[in-house]
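Trainee: Here it is: the structure, laid out below.
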Amino acid sequence: RIRQTRVFRKNQSFLPDGSREKDSAVSIHSAYPISIPTSLIYLIQEEIMIDHQESITAKLCSFVRAHHSTFDRTKIFDDYLAYDLMGEEEYTHVCDMLRNGLCAQCPAAASHDPDAIQNGVCFLAPIPLSREAYTKHIFEDFLKAHSHCQYIICGAGMDTFSFRNDNDNITIFEIDHPDTQKKKKTRLETLGWIIRRNRHFVAVDFSKEKKKKK
């Protein structure tokens with residue numbers, strides 16, 4: 001499963017008796033099961049074993065957004081910052097995996113198709129791109145009713161919303177595994193991108209922690 005959950009809600013306020021007002025929230029993109037070819041399964045398994053710094057899902061989704069923004073004329077969703085945040089080295093790494101064989105330990109899964117990169121993008125792209133486009137549409141409608149709100153991204157990966165957003169009335173929370181967030185923060189420092197005051201990182205390893213502790 002490739003997962004990402006986004007929740008946007010109006011800012012919490014307190015009633016005269018001291019109790020919290022109930023949130024008006026919209027939650028989307030909780031889980032999208034997809035069928036993954038054997039070759040991509042080998043890719044994911046190998047990457048999980050050798051790369052403990054960043055989720056392979058985050059890497060693949062970032063690659064798809066970057067490729068779509070750079071090469072496709074018709075934009076479903078234009079994440080014009082995806083390539084910069086991912087970086088040339090990481091982008092090339094994913095290209096090489098798609099081009100030269102997805103798993104070195106499983107030659108049978110290797111792809112010698114000259115169109116391997118484009119074929120991989122065509123397979124992976126529908127979910128991340130449609131999810132982003134749908135979110136943008138729904139969130140714009142949500143903002144019409146709630147000018148001050150919270151935008152919570154669970155499994156944020158290399159998401160760029162907080163850098164594309166220029167509305168200071170939106171408080172953004174990015175929730176992800178500590179290793180993935182560490183990799184992202186390091187990249188942001190390298191780029192010199194300014195982290196605005198309305199953006200917050202929340203590192204959680206759900207295999208060891210409970211979200212209520214955060």
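Residues are referred to by chain and number: the chain letter is A, B, ... according to the order shown in the structure tokens, the number counts from 1 in that chain, and ligands are numbered separately from 1 in the order shown.
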Please report, as a list in words, each residue of segment 41-190 of chain A to which DSSP assigns strand (DSSP E or B) when run on this structure's backbone.
Mentor: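 Listing strand (DSSP E or B) positions across segment 41-190 of chain A yields Cys149, Gln150, Tyr151, Ile152, Ile153, Cys154, Ile170, Thr171, Ile172, Phe173, Glu174, Ile175 and Asp176 of chain A.
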Trainee: Name all residues at most 12 Å from segment 163-165 of chain A (count only C-alpha atoms; drop same-chain ones fewer than 5 positions away) and give them as a list in words.
Mentor: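 Surrounding residues, per the criterion: Asp78, Asp79, Tyr80, Leu81, Ala82, Asp84, Leu85, Lys136, Phe139, Glu140, Tyr151, Met158, Ile170, Thr171, Ile172, Leu188, Trp193, Ile194, Ile195, Arg196, Arg197, Asn198 and Arg199 of chain A.
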Trainee: Restricting the output to N, CA, C and O atoms, write the selected residues as a PDB file, in the first residue's frame.
Mentor:
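Writing done, so here's out38.pdb:
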ATOM      1  N   ASP A  78       1.047  20.288 -10.767  1.00  0.00           N
ATOM      2  CA  ASP A  78       2.399  20.764 -11.038  1.00  0.00           C
ATOM      3  C   ASP A  78       3.131  21.076  -9.740  1.00  0.00           C
ATOM      4  O   ASP A  78       3.026  22.169  -9.194  1.00  0.00           O
ATOM      5  N   ASP A  79       3.892  20.097  -9.266  1.00  0.00           N
ATOM      6  CA  ASP A  79       4.728  20.322  -8.085  1.00  0.00           C
ATOM      7  C   ASP A  79       6.089  20.800  -8.570  1.00  0.00           C
ATOM      8  O   ASP A  79       7.034  20.035  -8.706  1.00  0.00           O
ATOM      9  N   TYR A  80       6.178  22.087  -8.816  1.00  0.00           N
ATOM     10  CA  TYR A  80       7.362  22.676  -9.425  1.00  0.00           C
ATOM     11  C   TYR A  80       8.579  22.702  -8.492  1.00  0.00           C
ATOM     12  O   TYR A  80       9.691  23.040  -8.923  1.00  0.00           O
ATOM     13  N   LEU A  81       8.379  22.340  -7.222  1.00  0.00           N
ATOM     14  CA  LEU A  81       9.500  22.298  -6.280  1.00  0.00           C
ATOM     15  C   LEU A  81      10.000  20.880  -6.015  1.00  0.00           C
ATOM     16  O   LEU A  81      11.001  20.693  -5.327  1.00  0.00           O
ATOM     17  N   ALA A  82       9.310  19.890  -6.554  1.00  0.00           N
ATOM     18  CA  ALA A  82       9.619  18.493  -6.238  1.00  0.00           C
ATOM     19  C   ALA A  82      11.043  18.110  -6.625  1.00  0.00           C
ATOM     20  O   ALA A  82      11.758  17.463  -5.853  1.00  0.00           O
ATOM     21  N   ASP A  84      13.705  20.062  -7.095  1.00  0.00           N
ATOM     22  CA  ASP A  84      14.700  20.764  -6.287  1.00  0.00           C
ATOM     23  C   ASP A  84      14.831  20.125  -4.906  1.00  0.00           C
ATOM     24  O   ASP A  84      15.945  19.966  -4.393  1.00  0.00           O
ATOM     25  N   LEU A  85      13.697  19.787  -4.298  1.00  0.00           N
ATOM     26  CA  LEU A  85      13.745  19.199  -2.964  1.00  0.00           C
ATOM     27  C   LEU A  85      14.338  17.796  -3.013  1.00  0.00           C
ATOM     28  O   LEU A  85      15.113  17.409  -2.134  1.00  0.00           O
ATOM     29  N   LYS A 136      -5.835  19.642  -3.583  1.00  0.00           N
ATOM     30  CA  LYS A 136      -5.814  21.072  -3.911  1.00  0.00           C
ATOM     31  C   LYS A 136      -7.234  21.598  -4.129  1.00  0.00           C
ATOM     32  O   LYS A 136      -7.609  22.651  -3.600  1.00  0.00           O
ATOM     33  N   PHE A 139      -9.246  21.454  -0.750  1.00  0.00           N
ATOM     34  CA  PHE A 139      -8.732  22.391   0.242  1.00  0.00           C
ATOM     35  C   PHE A 139      -9.097  23.831  -0.108  1.00  0.00           C
ATOM     36  O   PHE A 139      -9.381  24.649   0.776  1.00  0.00           O
ATOM     37  N   GLU A 140      -9.097  24.156  -1.371  1.00  0.00           N
ATOM     38  CA  GLU A 140      -9.495  25.501  -1.781  1.00  0.00           C
ATOM     39  C   GLU A 140     -10.936  25.782  -1.380  1.00  0.00           C
ATOM     40  O   GLU A 140     -11.266  26.889  -0.924  1.00  0.00           O
ATOM     41  N   TYR A 151      -3.510  22.283   8.700  1.00  0.00           N
ATOM     42  CA  TYR A 151      -3.328  21.347   7.586  1.00  0.00           C
ATOM     43  C   TYR A 151      -2.353  20.281   8.072  1.00  0.00           C
ATOM     44  O   TYR A 151      -1.180  20.567   8.316  1.00  0.00           O
ATOM     45  N   MET A 158       8.444  13.827   1.203  1.00  0.00           N
ATOM     46  CA  MET A 158       9.101  15.018   0.652  1.00  0.00           C
ATOM     47  C   MET A 158       8.067  16.003   0.110  1.00  0.00           C
ATOM     48  O   MET A 158       8.305  16.707  -0.876  1.00  0.00           O
ATOM     49  N   ILE A 170      -2.677  29.383   7.531  1.00  0.00           N
ATOM     50  CA  ILE A 170      -2.724  27.918   7.515  1.00  0.00           C
ATOM     51  C   ILE A 170      -1.563  27.398   8.349  1.00  0.00           C
ATOM     52  O   ILE A 170      -0.400  27.619   8.026  1.00  0.00           O
ATOM     53  N   THR A 171      -1.873  26.716   9.443  1.00  0.00           N
ATOM     54  CA  THR A 171      -0.841  26.101  10.275  1.00  0.00           C
ATOM     55  C   THR A 171      -0.625  24.677   9.793  1.00  0.00           C
ATOM     56  O   THR A 171      -1.560  23.874   9.759  1.00  0.00           O
ATOM     57  N   ILE A 172       0.603  24.362   9.417  1.00  0.00           N
ATOM     58  CA  ILE A 172       0.905  23.084   8.770  1.00  0.00           C
ATOM     59  C   ILE A 172       1.692  22.175   9.705  1.00  0.00           C
ATOM     60  O   ILE A 172       2.678  22.590  10.312  1.00  0.00           O
ATOM     61  N   LEU A 188      16.663  20.387   3.255  1.00  0.00           N
ATOM     62  CA  LEU A 188      16.202  21.777   3.351  1.00  0.00           C
ATOM     63  C   LEU A 188      17.335  22.702   3.777  1.00  0.00           C
ATOM     64  O   LEU A 188      17.459  23.824   3.280  1.00  0.00           O
ATOM     65  N   TRP A 193      16.393  26.678   2.205  1.00  0.00           N
ATOM     66  CA  TRP A 193      14.987  27.094   2.187  1.00  0.00           C
ATOM     67  C   TRP A 193      14.554  27.504   3.594  1.00  0.00           C
ATOM     68  O   TRP A 193      14.914  26.864   4.584  1.00  0.00           O
ATOM     69  N   ILE A 194      13.791  28.563   3.673  1.00  0.00           N
ATOM     70  CA  ILE A 194      13.337  29.083   4.958  1.00  0.00           C
ATOM     71  C   ILE A 194      12.095  28.326   5.420  1.00  0.00           C
ATOM     72  O   ILE A 194      11.127  28.178   4.671  1.00  0.00           O
ATOM     73  N   ILE A 195      12.150  27.811   6.647  1.00  0.00           N
ATOM     74  CA  ILE A 195      11.000  27.134   7.235  1.00  0.00           C
ATOM     75  C   ILE A 195      10.172  28.181   7.969  1.00  0.00           C
ATOM     76  O   ILE A 195      10.605  28.742   8.973  1.00  0.00           O
ATOM     77  N   ARG A 196       9.000  28.445   7.486  1.00  0.00           N
ATOM     78  CA  ARG A 196       8.168  29.499   8.040  1.00  0.00           C
ATOM     79  C   ARG A 196       7.598  29.107   9.403  1.00  0.00           C
ATOM     80  O   ARG A 196       7.533  27.923   9.759  1.00  0.00           O
ATOM     81  N   ARG A 197       7.167  30.099  10.152  1.00  0.00           N
ATOM     82  CA  ARG A 197       6.712  29.887  11.529  1.00  0.00           C
ATOM     83  C   ARG A 197       5.430  29.061  11.606  1.00  0.00           C
ATOM     84  O   ARG A 197       5.137  28.472  12.635  1.00  0.00           O
ATOM     85  N   ASN A 198       4.666  29.018  10.529  1.00  0.00           N
ATOM     86  CA  ASN A 198       3.408  28.274  10.560  1.00  0.00           C
ATOM     87  C   ASN A 198       3.581  26.818  10.132  1.00  0.00           C
ATOM     88  O   ASN A 198       2.613  26.105   9.950  1.00  0.00           O
ATOM     89  N   ARG A 199       4.833  26.367  10.019  1.00  0.00           N
ATOM     90  CA  ARG A 199       5.101  24.999   9.608  1.00  0.00           C
ATOM     91  C   ARG A 199       5.798  24.249  10.740  1.00  0.00           C
ATOM     92  O   ARG A 199       6.745  24.732  11.335  1.00  0.00           O
TER      93      ARG A 199
END
Trainee: Between atom CA of His177 of chain A and atom CA of Asp205 of chain A, what is the distance, to one decimal in Å?
Mentor: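 Between atom CA of His177 of chain A and atom CA of Asp205 of chain A the gap works out to 5.1 Å.
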Trainee: Which of these, A:Ala116, A:Leu124, A:Ile175, A:Leu143, has the shortest distance to Leu60 of chain A once you count only C-alpha atoms?
Mentor: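 Of the candidates, the smallest distance to Leu60 of chain A is held by A:Leu124.
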Trainee: Go ahead and compute the interatomic distance for atom CA of Phe173 of chain A and atom CA of Ile153 of chain A, in Å to one decimal.
Mentor: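 If I compute the distance from atom CA of Phe173 of chain A to atom CA of Ile153 of chain A, I get 6.2 Å.
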Trainee: Which residues are near Val94 of chain A? Cut-off 8 Å, only C-alpha atoms, ignore same chain within fewer than 3 positions. Put them as a ChimeraX atom specification.
Mentor: /A:59-60,63,90-91,97-98
Trainee: For the selection you just gave me, I'd like the residues written to a file as a PDB file, in the first residue's frame, keeping C-alpha atoms.
Mentor:
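Output below, filename out-v1.pdb:
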ATOM      1  CA  LYS A  59      11.211   8.654  -2.739  1.00  0.00           C
ATOM      2  CA  LEU A  60       8.995   7.173  -5.447  1.00  0.00           C
ATOM      3  CA  PHE A  63      10.215  11.186  -8.209  1.00  0.00           C
ATOM      4  CA  GLU A  90      18.230  11.101  -5.634  1.00  0.00           C
ATOM      5  CA  TYR A  91      16.339  11.667  -8.875  1.00  0.00           C
ATOM      6  CA  MET A  97      16.843   1.705 -10.586  1.00  0.00           C
ATOM      7  CA  LEU A  98      14.119   1.793 -13.216  1.00  0.00           C
TER       8      LEU A  98
END
Trainee: Using DSSP assignments from the backbone, pull out every residue in segment 138-191 of chain A that falls under alpha helix (DSSP H) and give it to me as a list in words.
Mentor: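 Those in segment 138-191 of chain A that DSSP calls alpha helix (DSSP H) are Ile138, Phe139, Glu140, Asp141, Phe142, Leu143, Lys144, Ala145, Phe161, Ser162, Phe163, Arg164, Pro178, Asp179, Thr180, Gln181, Lys182, Lys183, Lys184, Lys185, Thr186, Arg187, Leu188, Glu189, Thr190 and Leu191 of chain A.
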Trainee: Write out as a list in words the residues lying within 7 Å of segment 125-128 of chain A, counting only C-alpha atoms and excluding same-chain residues fewer than 4 positions away.
Mentor: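 Residues meeting the cut-off are Cys61, Val64, Val121 and Glu132 of chain A.
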Trainee: Quick check, in Å to one decimal: how far apart do atom CA of His137 of chain A and atom CA of Phe123 of chain A lie?
Mentor: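 Rounded to one decimal, the two atoms are 23.4 Å apart.
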